[in-house]
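**Q** The file below is entry-v7.json, JSON, C-alpha atoms:
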```json
[["chain", "number", "residue", "atom", "x", "y", "z"],
["S", 17, "MET", "CA", 110.97, 60.21, 134.86],
["S", 18, "ARG", "CA", 107.87, 59.20, 132.90],
["S", 19, "SER", "CA", 108.21, 62.22, 130.60],
["S", 20, "ARG", "CA", 111.58, 60.90, 129.39],
["S", 21, "PHE", "CA", 110.35, 57.36, 128.74],
["S", 22, "TRP", "CA", 108.80, 57.78, 125.28],
["S", 23, "PRO", "CA", 111.61, 60.00, 123.96],
["S", 24, "ALA", "CA", 114.01, 57.30, 125.17],
["S", 25, "VAL", "CA", 112.07, 54.61, 123.30],
["S", 26, "VAL", "CA", 111.90, 56.69, 120.12],
["S", 27, "ALA", "CA", 115.63, 57.48, 120.33],
["S", 28, "PHE", "CA", 116.46, 53.78, 120.80],
["S", 29, "LEU", "CA", 114.36, 52.76, 117.80],
["S", 30, "ALA", "CA", 115.70, 55.58, 115.63],
["S", 31, "MET", "CA", 119.38, 55.23, 116.44],
["S", 32, "PRO", "CA", 120.80, 51.88, 117.56],
["S", 33, "GLY", "CA", 117.62, 50.10, 116.49],
["S", 34, "MET", "CA", 118.02, 51.29, 112.92],
["S", 35, "VAL", "CA", 121.81, 50.82, 112.71],
["S", 36, "ALA", "CA", 122.01, 47.47, 114.52],
["S", 37, "PHE", "CA", 118.79, 45.75, 113.48],
["S", 38, "ILE", "CA", 116.84, 47.30, 110.59],
["S", 39, "VAL", "CA", 119.71, 48.02, 108.16],
["S", 40, "PRO", "CA", 121.42, 44.61, 108.63],
["S", 41, "TRP", "CA", 118.09, 42.83, 108.18],
["S", 42, "LEU", "CA", 117.48, 44.74, 104.93],
["S", 43, "PHE", "CA", 120.92, 43.66, 103.64],
["S", 44, "ARG", "CA", 120.62, 40.04, 104.72],
["S", 45, "PRO", "CA", 121.47, 37.48, 102.06],
["S", 46, "ASP", "CA", 118.80, 35.29, 100.58],
["S", 47, "PRO", "CA", 118.03, 32.48, 101.29],
["S", 48, "LEU", "CA", 118.20, 32.71, 105.05],
["S", 49, "ARG", "CA", 120.78, 30.27, 106.42],
["S", 50, "LEU", "CA", 121.51, 31.36, 109.95],
["S", 51, "ARG", "CA", 124.55, 30.19, 111.89],
["S", 52, "THR", "CA", 124.10, 29.62, 115.62],
["S", 53, "ALA", "CA", 127.31, 31.37, 116.65],
["S", 54, "GLY", "CA", 126.11, 34.56, 115.01],
["S", 55, "LEU", "CA", 122.76, 34.37, 116.76],
["S", 56, "ALA", "CA", 124.54, 33.99, 120.10],
["S", 57, "MET", "CA", 126.63, 37.11, 119.38],
["S", 58, "LEU", "CA", 123.49, 38.94, 118.33],
["S", 59, "ALA", "CA", 121.78, 38.00, 121.62],
["S", 60, "VAL", "CA", 124.77, 39.02, 123.77],
["S", 61, "GLY", "CA", 125.13, 42.34, 121.92],
["S", 62, "THR", "CA", 121.41, 43.05, 122.31],
["S", 63, "VAL", "CA", 121.49, 42.40, 126.07],
["S", 64, "LEU", "CA", 124.55, 44.67, 126.44],
["S", 65, "LEU", "CA", 122.89, 47.37, 124.34],
["S", 66, "ILE", "CA", 119.71, 47.33, 126.44],
["S", 67, "TRP", "CA", 121.82, 47.46, 129.62],
["S", 68, "CYS", "CA", 123.61, 50.57, 128.34],
["S", 69, "VAL", "CA", 120.39, 52.28, 127.25],
["S", 70, "ARG", "CA", 118.91, 51.57, 130.68],
["S", 71, "ASP", "CA", 121.95, 53.14, 132.37],
["S", 72, "PHE", "CA", 121.60, 56.23, 130.17],
["S", 73, "TYR", "CA", 117.97, 56.52, 131.21],
["S", 74, "VAL", "CA", 118.29, 55.70, 134.93],
["S", 75, "ALA", "CA", 121.78, 56.83, 135.99],
["S", 76, "GLY", "CA", 122.20, 59.58, 133.39],
["S", 77, "ARG", "CA", 118.60, 60.81, 133.59],
["S", 78, "GLY", "CA", 118.41, 61.22, 129.83],
["S", 79, "THR", "CA", 118.18, 59.43, 126.51],
["S", 80, "LEU", "CA", 120.23, 58.63, 123.43],
["S", 81, "ALA", "CA", 118.54, 61.46, 121.63],
["S", 82, "PRO", "CA", 120.59, 64.61, 120.98],
["S", 83, "TRP", "CA", 117.54, 66.66, 122.05],
["S", 84, "ALA", "CA", 117.42, 64.93, 125.49],
["S", 85, "PRO", "CA", 120.98, 63.81, 126.41],
["S", 86, "PRO", "CA", 121.78, 62.46, 129.87],
["S", 87, "GLU", "CA", 121.95, 65.17, 132.54],
["S", 88, "ARG", "CA", 124.63, 63.26, 134.43],
["S", 89, "LEU", "CA", 127.82, 61.62, 133.21],
["S", 90, "VAL", "CA", 127.08, 57.88, 133.00],
["S", 91, "ILE", "CA", 129.88, 55.99, 134.77],
["S", 92, "VAL", "CA", 128.04, 52.93, 136.10],
["S", 93, "GLY", "CA", 127.58, 49.41, 134.79],
["S", 94, "LEU", "CA", 129.46, 48.72, 131.58],
["S", 95, "TYR", "CA", 130.61, 52.33, 131.54],
["S", 96, "ARG", "CA", 133.09, 51.35, 134.29],
["S", 97, "VAL", "CA", 135.11, 49.29, 131.76],
["S", 98, "SER", "CA", 134.60, 51.31, 128.56],
["S", 99, "ARG", "CA", 133.62, 54.90, 127.89],
["S", 100, "ASN", "CA", 131.61, 53.67, 124.89],
["S", 101, "PRO", "CA", 130.03, 50.30, 125.71],
["S", 102, "MET", "CA", 126.87, 51.11, 123.80],
["S", 103, "TYR", "CA", 128.82, 51.47, 120.57],
["S", 104, "LEU", "CA", 130.69, 48.25, 121.35],
["S", 105, "ALA", "CA", 127.36, 46.49, 121.94],
["S", 106, "VAL", "CA", 126.10, 47.67, 118.54],
["S", 107, "LEU", "CA", 129.30, 46.38, 116.93],
["S", 108, "ILE", "CA", 128.81, 43.00, 118.63],
["S", 109, "VAL", "CA", 125.26, 42.92, 117.23],
["S", 110, "LEU", "CA", 126.55, 43.81, 113.74],
["S", 111, "SER", "CA", 129.25, 41.14, 114.00],
["S", 112, "GLY", "CA", 126.56, 38.68, 115.03],
["S", 113, "TRP", "CA", 124.57, 39.49, 111.90],
["S", 114, "ALA", "CA", 127.68, 39.08, 109.73],
["S", 115, "VAL", "CA", 128.54, 35.72, 111.31],
["S", 116, "ALA", "CA", 124.92, 34.51, 111.30],
["S", 117, "PHE", "CA", 124.55, 35.18, 107.58],
["S", 118, "ALA", "CA", 128.22, 34.58, 106.66],
["S", 119, "SER", "CA", 128.00, 37.90, 104.84],
["S", 120, "ARG", "CA", 131.00, 39.88, 103.59],
["S", 121, "GLY", "CA", 128.68, 42.83, 102.96],
["S", 122, "LEU", "CA", 127.57, 42.88, 106.58],
["S", 123, "TRP", "CA", 131.23, 42.77, 107.72],
["S", 124, "ILE", "CA", 131.93, 45.79, 105.51],
["S", 125, "TYR", "CA", 128.87, 47.55, 106.94],
["S", 126, "ALA", "CA", 130.12, 46.79, 110.50],
["S", 127, "LEU", "CA", 133.54, 48.24, 109.64],
["S", 128, "ILE", "CA", 132.01, 51.41, 108.21],
["S", 129, "VAL", "CA", 129.83, 51.79, 111.31],
["S", 130, "ALA", "CA", 132.88, 51.24, 113.58],
["S", 131, "ILE", "CA", 134.80, 54.01, 111.79],
["S", 132, "ALA", "CA", 131.77, 56.32, 111.99],
["S", 133, "PHE", "CA", 131.42, 55.61, 115.73],
["S", 134, "HIS", "CA", 135.07, 56.37, 116.36],
["S", 135, "LEU", "CA", 134.89, 59.67, 114.48],
["S", 136, "ARG", "CA", 131.66, 60.62, 116.27],
["S", 137, "VAL", "CA", 133.24, 59.89, 119.66],
["S", 138, "VAL", "CA", 136.53, 61.69, 119.01],
["S", 139, "LEU", "CA", 135.21, 64.69, 117.08],
["S", 140, "GLY", "CA", 131.80, 65.17, 118.71],
["S", 141, "GLU", "CA", 131.01, 63.41, 121.93],
["S", 142, "GLU", "CA", 134.28, 63.74, 123.82],
["S", 143, "PRO", "CA", 134.64, 67.50, 123.25],
["S", 144, "TRP", "CA", 130.98, 67.95, 124.29],
["S", 145, "LEU", "CA", 131.52, 65.85, 127.44],
["S", 146, "ALA", "CA", 134.63, 67.87, 128.30],
["S", 147, "ARG", "CA", 132.64, 71.12, 128.01],
["S", 148, "THR", "CA", 129.59, 69.78, 129.82],
["S", 149, "HIS", "CA", 131.12, 67.73, 132.63],
["S", 150, "ASP", "CA", 134.60, 69.31, 132.93],
["S", 151, "GLY", "CA", 136.51, 67.86, 135.93],
["S", 152, "GLU", "CA", 134.27, 64.82, 136.32],
["S", 153, "TRP", "CA", 134.88, 63.94, 132.65],
["S", 154, "ASN", "CA", 138.65, 64.35, 133.01],
["S", 155, "ARG", "CA", 138.76, 62.03, 136.04],
["S", 156, "TYR", "CA", 136.55, 59.47, 134.29],
["S", 157, "ARG", "CA", 138.61, 59.68, 131.07],
["S", 158, "ALA", "CA", 141.79, 59.05, 133.04],
["S", 159, "ARG", "CA", 140.33, 55.88, 134.64],
["S", 160, "VAL", "CA", 138.38, 54.27, 131.80],
["S", 161, "PRO", "CA", 139.56, 53.51, 128.25],
["S", 162, "ARG", "CA", 137.69, 54.91, 125.26],
["S", 163, "TRP", "CA", 137.26, 51.40, 123.88],
["S", 164, "LEU", "CA", 137.53, 48.17, 125.79],
["S", 165, "GLY", "CA", 141.11, 47.48, 126.85],
["S", 166, "MET", "CA", 142.69, 50.12, 124.64],
["S", 167, "ALA", "CA", 144.25, 51.97, 127.58],
["S", 168, "SER", "CA", 146.27, 48.87, 128.46],
["S", 169, "LEU", "CA", 147.95, 49.08, 125.05],
["S", 170, "HIS", "CA", 149.19, 52.59, 125.83],
["S", 171, "PRO", "CA", 149.66, 52.84, 129.63],
["S", 172, "HIS", "CA", 151.53, 56.16, 129.37],
["S", 173, "ARG", "CA", 148.52, 57.65, 127.65],
["S", 174, "ARG", "CA", 146.39, 57.58, 130.80],
["S", 175, "ASP", "CA", 148.83, 59.94, 132.50],
["S", 176, "THR", "CA", 148.86, 62.25, 129.49],
["S", 177, "GLU", "CA", 145.06, 62.24, 129.18],
["S", 178, "ALA", "CA", 144.59, 62.88, 132.89],
["S", 179, "ALA", "CA", 146.80, 65.95, 132.65],
["S", 180, "GLY", "CA", 144.94, 67.30, 129.57]]
```
Kindly present the structure from the file in structure tokens form.

**A**
Amino acid sequence: MRSRFWPAVVAFLAMPGMVAFIVPWLFRPDPLRLRTAGLAMLAVGTVLLIWCVRDFYVAGRGTLAPWAPPERLVIVGLYRVSRNPMYLAVLIVLSGWAVAFASRGLWIYALIVAIAFHLRVVLGEEPWLARTHDGEWNRYRARVPRWLGMASLHPHRRDTEAAG
């Protein structure tokens, strides 16, 4: 387990750390006038993000890094209510930055990141998970929505996805 620790730290700093913290900080407006509500969102998103990264490391026995992905399908913790809680956590962090700085530019950045996440999930991650985890992935996909609560908007879709 120790041999995966430093790659996990590097992957966290390089991926969600850069997208959720470094880039927004670089684009922050000047002068700094922070709003408390945004800081609260930022804190909640950060806690959720760390929880997800921990589950990847402990339950999945892997990291965020493409060169050391989880060996097991992660279906614990927040992954019981969303197939992509880590991306949602990053979007909460980005929304927190946008609210904290009252920044239209940071809202636009968050929207661009959200679109990129969706495309990455649909075009890359889900096909890879289907190939890698086959039946386990299909059962998980049938139970848990891609994004939080989205399956409830299309209840018939769960039956269709479970069959496919």

**Q** Between S:Val160, S:Glu141, S:Asp71, S:Ala27, single out the one closest to Trp83 in chain S, counting only C-alpha atoms.

**A**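 Closest candidate: S:Ala27.
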
**Q** What does the structure give for the distance between CA of Pro32 in chain S and CA of Ala146 in chain S, in Å to one decimal?

**A**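 Spanning CA of Pro32 in chain S to CA of Ala146 in chain S is a straight-line distance of 23.7 Å.
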
**Q** Please return, as a list in words, all polymer residues that have at least one atom within 10 Å of the point (124.1, 32.1, 108.8); use only C-alpha atoms and the file's own coordinate frame.

**A** Arg44, Pro45, Pro47, Leu48, Arg49, Leu50, Arg51, Thr52, Ala53, Gly54, Leu55, Gly112, Trp113, Ala114, Val115, Ala116, Phe117, Ala118 and Ser119 of chain S

**Q** With only C-alpha atoms as the atoms that count, which of S:Trp67, S:Phe72, S:Phe43, S:Phe133 lies nearest to Leu89 in chain S?

**A**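 Ranked by minimum distance to Leu89 in chain S, first place goes to S:Phe72.
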
**Q** CA of Val69 in chain S to CA of Tyr103 in chain S: how many Å, to one decimal?

**A**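 If I compute the distance from CA of Val69 in chain S to CA of Tyr103 in chain S, I get 10.8 Å.
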
**Q** Grab the CA of Thr62 in chain S to CA of Ser98 in chain S distance for me, in Å with one decimal place.

**A**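 So the two atoms, CA of Thr62 in chain S and CA of Ser98 in chain S, lie 16.8 Å apart.
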
**Q** Would you list the contacts of Leu104 in chain S as a VMD selection string, taking every protein, DNA or RNA residue within 10 Å and counting all atoms listed in the file, but skipping same-chain residues closer than 4 positions in sequence?

**A** chain S and resid 61 64 to 65 98 to 100 108 to 110 130 133 163 to 164

**Q** Around all of range 89-99 of chain S's listed atoms, make the axis-aligned box with 5 Å on each side and tell me centre and edge lengths in Å to one decimal, as JSON.

**A**
```
{"center_x": 131.1, "center_y": 55.2, "center_z": 132.0, "size_x": 18.0, "size_y": 22.9, "size_z": 18.2}
```

**Q** Restricting the calculation to all atoms listed in the file, which member of S:Gly140, S:Tyr125, S:Trp153, S:Ala158 is positioned closest to Ala36 in chain S?

**A**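 Among S:Gly140, S:Tyr125, S:Trp153, S:Ala158, it is S:Tyr125 that comes nearest to Ala36 in chain S.
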